[in-house]
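Asks: Can you keep this structure in mind? I'll have questions shortly.
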Amino acid sequence: MAKLANYYSMAVGILAVVVCANLISVALSVRVLPLHPYLKAQDKPISNIYDTSNYGILQLNNGLGTTPQMGWNSWNFFACDINEKVIKETEASFCEMNKFQNVAACFIRNSIAKISFVRGSIVSDENTNVALNVLTADALVTTGLVKLGYDYVNIDDCWSEMARDSKGQLVADKKTFPSGIKALADYVHSKGLKLGIYSDAGAFTCQVRPGSIFHESDDAKLFASWGVDYLKYDNCFNLGIPPKERYPPMRDALNATGRSIFYSLCEWGVDDPALWAGTVGNSWRTTDDINDSWASMTTIADINDKWAAYAGPGGWNDPDMLEVGNGGMTYEEYRAHFSIWALMKAPLFIGCDVRNITSETLQILSNEEVIAVNQDSLGVQGRKIYAYGPDSSYQVWAGPLSGQRLAVVLWNRGSKASSITVKWDVLGLESSISVSVRDLWKKEYVSENSRASFSARVDAHSSEMYIFTPSATYSSS
């Protein structure tokens with residue numbers, strides 16, 4: 001018996017060593033982020049209503065996504081419909097941008113080769129999509145949006161030929177990208193920007209171009225050789241293979257290239273990616289596609305809110321791109337859209353035509369104080385914490401920021417203007433705490449000593465956004 005016990009002890013010891021070795025191997029193969037910044041002593045959580053316990057520590061091994069990504073994407077405004085009209089209008093009206101920036105933008109009009117087209121065919125060395133992305137990159141620079149953090153210029157679907165070449169490689173569409181993606185990436189990089197591209201974890205993309213499933217290694221190497229900085233990876237024609245099996249191979253392929261490429265999963269929230277994608281990508285779509293309407297925007301905000309506890313530095317919930325400026329909502333609705341996306345730590349991807357951006361749209365997208373909430377180093381997703389009134393249309397959304405501050409959005413989803421009140425207990429604050437209140441849209445302090453509650457009148461389908469700072473840390477500067 002004693003001998004048997006000894007053998008048993010030895011076996012247990014050997015098993016422990018093997019398990020320990022395997023755990024060490026796994027730890028070395030995956031980048032381990034530090035504990036969620038929420039857990040730092042100087043930013044001790046105010047309340048468990050801002051729970052982040054489901055945030056995954058193991059993330060994609062590329063060091064990206066410490067704050068939500070920002071930039072521009074082609075799909076919401078252009079989809080696949082890029083044609084001569086777009087380019088001619090760009091040529092004719094691009095210099096109008098100097099009405100809210102500077103005349104330096106106008107040199108671009110003269111420095112880019114003149115473009116002439118015959119419908120259905122290209123008769124110059126330039127082309128629609130290259131010109132579009134070049135001018136979009138320039139517009140991001142000349143409007144000052146790049147300085148605010150919008151640094152990705154992302155080409156969505158329809159950039160490739162309808163089939164792979166004889167070597168099985170993806171090829172840029174020769175009619176719309178005759179210079180190739182690498183030349184475009186070089187141009188974008190020369191402006192201090194980054195280039196994003198699109199593919200699909202299926203046999204075809206959503207617009208029936210070649211997908212990347214079973215071609216992950218070759219496609220990742222190709223993207224890296226072109227200088228691509230971002231991959232949006234869609235979910236069409238997926239052959240019925242579960243997302244948990246289809247998305248990790250591209251993660252591994254991107255890691256193997258040695259180039260840091262942001263990996264954005266566009267799985268539409270079908271298989272609840274917040275539960276598993278933290279170890280796969282830098283962000284994951286939690287919802288179906290957004291459209292430019294109040295109903296779509298509010299529905300998507302509510303769906304994304306469900307997964308707040310799973311987001312954090314290195315991996316973000318993605319409720320889809322911004323529709324601000326596309327014309328389907330009012331100014332007040334767009335301002336609410338931008339405020340809630342910023343609070344939710346959503347990726348901020350402009351989806352309008354920045355070459356023809358209006359002053360109102362630019363005012364929304366360039367609000368530095370709202371952007372700062374989105375990019376705050378604490379990295380905790382804000383969420384809906386209270387709702388009351390008719391159909392629960394008077395809502396309080398909030399989230400903690402670094403420095404013991406709170407970002408608070410009072411959102412009126414009703415059809416009439418109303419006063420909305422938030423009480424301290426809802427926010428997780430002691431009633432005796434005094435806070436300063438800064439209005440992020442007025443860009444001024446509206447209270448220096450609020451206690452117990454705060455109220456503001458909010459227009460229908462609009463929101464007001466504030467930062468609450470405990471008086472002990474408040475500085476009027």
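Residues in the structure tokens are numbered from 1 in each chain, the chains being A, B, ... in the order shown, and ligands are numbered from 1 in the order shown.
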I'd like the neighbourhood of segment 211-220 of chain A as a compact mmCIF listing (two decimals) with N, CA and C atoms, in the first residue's frame, where a residue qualifies if any of its atoms comes within 8 Å (using only C-alpha atoms), though same-chain residues fewer than 3 positions away should be ignored.
Replies:
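Listing of selection-v6.txt after writing:
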# COMPACT_ATOMS: atom_id res chain seq x y z
N GLN A 169 -4.18 34.29 -55.05
CA GLN A 169 -4.03 35.51 -54.26
C GLN A 169 -5.17 36.49 -54.51
N LEU A 170 -5.51 37.28 -53.49
CA LEU A 170 -6.44 38.38 -53.68
C LEU A 170 -5.80 39.44 -54.55
N SER A 199 -12.21 42.08 -45.28
CA SER A 199 -12.37 40.74 -45.84
C SER A 199 -13.47 40.02 -45.06
N ASP A 200 -13.60 38.74 -45.28
CA ASP A 200 -14.73 38.02 -44.73
C ASP A 200 -14.31 36.63 -44.28
N ALA A 201 -14.84 36.21 -43.13
CA ALA A 201 -14.57 34.87 -42.61
C ALA A 201 -15.53 33.86 -43.25
N GLY A 202 -15.59 33.91 -44.56
CA GLY A 202 -16.48 33.04 -45.32
C GLY A 202 -15.93 32.83 -46.72
N ALA A 203 -16.67 32.13 -47.54
CA ALA A 203 -16.23 31.86 -48.91
C ALA A 203 -16.24 33.11 -49.76
N PHE A 204 -17.17 34.04 -49.47
CA PHE A 204 -17.27 35.30 -50.20
C PHE A 204 -17.55 36.42 -49.22
N THR A 205 -17.25 37.63 -49.64
CA THR A 205 -17.64 38.80 -48.86
C THR A 205 -19.14 39.02 -49.05
N PHE A 223 -1.82 41.30 -46.82
CA PHE A 223 -2.21 42.55 -46.20
C PHE A 223 -1.00 43.22 -45.54
N ALA A 224 -0.19 42.42 -44.85
CA ALA A 224 0.99 42.97 -44.18
C ALA A 224 1.99 43.53 -45.20
N ARG A 246 -14.18 30.02 -36.98
CA ARG A 246 -13.76 30.76 -38.18
C ARG A 246 -12.88 31.98 -37.89
N PRO A 249 -8.42 31.58 -36.65
CA PRO A 249 -7.33 31.38 -37.62
C PRO A 249 -6.77 32.69 -38.20
N MET A 250 -7.62 33.68 -38.43
CA MET A 250 -7.11 34.96 -38.94
C MET A 250 -6.33 35.70 -37.85
N ALA A 253 -2.98 34.15 -37.98
CA ALA A 253 -2.28 34.53 -39.21
C ALA A 253 -1.78 35.96 -39.14
N LEU A 254 -2.58 36.87 -38.60
CA LEU A 254 -2.15 38.26 -38.46
C LEU A 254 -0.98 38.36 -37.49
N THR A 257 2.41 37.48 -39.00
CA THR A 257 3.06 38.37 -39.97
C THR A 257 4.11 39.27 -39.33
Asks: Would you please work out which residue, of A:Ile420, A:Met162, A:Val380, A:Ile290, is nearest to Thr66 of chain A when using only C-alpha atoms?
Replies: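 Checking each of A:Ile420, A:Met162, A:Val380, A:Ile290 against Thr66 of chain A, counting only C-alpha atoms, the winner is A:Val380.
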Asks: Give the strand (DSSP E or B) residues of segment 336-396 of chain A, as assigned by DSSP on the backbone, as a list of chain:residue names.
Replies: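 Listing strand (DSSP E or B) positions across segment 336-396 of chain A yields A:Leu348, A:Phe349, A:Ile350, A:Arg383, A:Lys384, A:Ile385, A:Tyr386, A:Ala387, A:Tyr388, A:Tyr394, A:Gln395, A:Val396.
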Asks: With only C-alpha atoms as the counted atoms, please give the residues lying no more than 7 Å from Val153 of chain A, apart from itself and same-chain residues fewer than 5 positions off, as a ChimeraX atom specification.
Replies: /A:71-73,137,194-196
Asks: Using only C-alpha atoms, find the one residue out of A:Lys384, A:Gln404, A:Ser339, A:Leu427 that sits nearest to Ser462 of chain A.
Replies: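 Result for the nearest residue to Ser462 of chain A: A:Ser339.
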Asks: For Val422 of chain A, list every protein, DNA or RNA residue within 7 Å, evaluated using only C-alpha atoms, and leave out those in the same chain fewer than 5 positions away; present the list as a VMD selection string.
Replies: chain A and resid 396 453 to 455
Asks: Rank nothing, just name the residue among A:Tyr334, A:Gly312, A:Ser179, A:Phe349 nearest to Ile155 of chain A, using only C-alpha atoms.
Replies: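 Looking only at the distances to Ile155 of chain A, the closest residue turns out to be A:Phe349.
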Asks: Neighbouring residues of segment 368-370 of chain A were defined as those with any atom within 8 Å, considering only C-alpha atoms; residues of the same chain fewer than 3 positions away were excluded. Please report them as a list in words.
Replies: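 Residues meeting the cut-off are Leu148, Ser339, Ala342, Val373, Asn374, Leu440, Trp441 and Lys443 of chain A.
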Asks: Tell me which of A:Gln69, A:Asn326, A:Thr286, A:Asn412 sits closest to Ile357 of chain A, counting only C-alpha atoms.
Replies: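 Of all the options, A:Asn326 lies closest to Ile357 of chain A.
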Asks: So how far away is atom CA of Gly327 of chain A from atom CA of Val146 of chain A, in Å?
Replies: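 Pair atom CA of Val146 of chain A / atom CA of Gly327 of chain A returns 23.0 Å.
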Asks: Can you list every residue in segment 186-398 of chain A that DSSP puts in helix (DSSP H, G or I), as JSON, numbers by chain?
Replies: {"A": [186, 187, 188, 189, 190, 216, 217, 218, 219, 220, 221, 222, 223, 224, 225, 226, 243, 244, 245, 246, 248, 249, 250, 251, 252, 253, 254, 255, 256, 257, 273, 274, 275, 277, 278, 279, 294, 295, 296, 297, 298, 299, 300, 301, 302, 303, 304, 305, 308, 309, 310, 331, 332, 333, 334, 335, 336, 337, 338, 339, 340, 341, 342, 343, 354, 355, 356, 359, 360, 361, 362, 363, 364, 365, 368, 369, 370, 371, 372, 373, 374, 390, 391, 392]}
Asks: Could you tell me which of A:Val171, A:Ile49, A:Leu64, A:Met465 comes closest to Tyr386 of chain A if we count only C-alpha atoms?
Replies: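 Among the listed residues, the smallest separation from Tyr386 of chain A belongs to A:Ile49.
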Asks: Mind giving me the straight-line distance from atom CA of Met344 of chain A to atom CA of Arg383 of chain A in Å, one decimal?
Replies: 6.4 Å
Asks: One number please: atom CA of Leu239 of chain A to atom CA of Leu265 of chain A, in Å, one decimal.
Replies: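 Computed distance, atom CA of Leu239 of chain A to atom CA of Leu265 of chain A, equals 17.0 Å.
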Asks: From the options A:Asn317, A:Ser463, A:Asn304, A:Asn449, which residue's atoms come nearest to Glu333 of chain A, counting only C-alpha atoms?
Replies: A:Ser463
Asks: So that I can see what lies close to Ala456 of chain A, please list as a PyMOL selection string the residues with an atom at most 9 Å from it, counting only C-alpha atoms and leaving out residues fewer than 4 positions away in the same chain.
Replies: chain A and resi 410+418-421+464
Asks: For Ser471 of chain A, find every residue with an atom within 9 Å (counting only C-alpha atoms), except residues of its own chain fewer than 4 positions away, and show them as a list in words.
Replies: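 Everything that qualifies: Ile433, Ser434, Val435, Ser436, Glu448, Asn449 and Ser475 of chain A.
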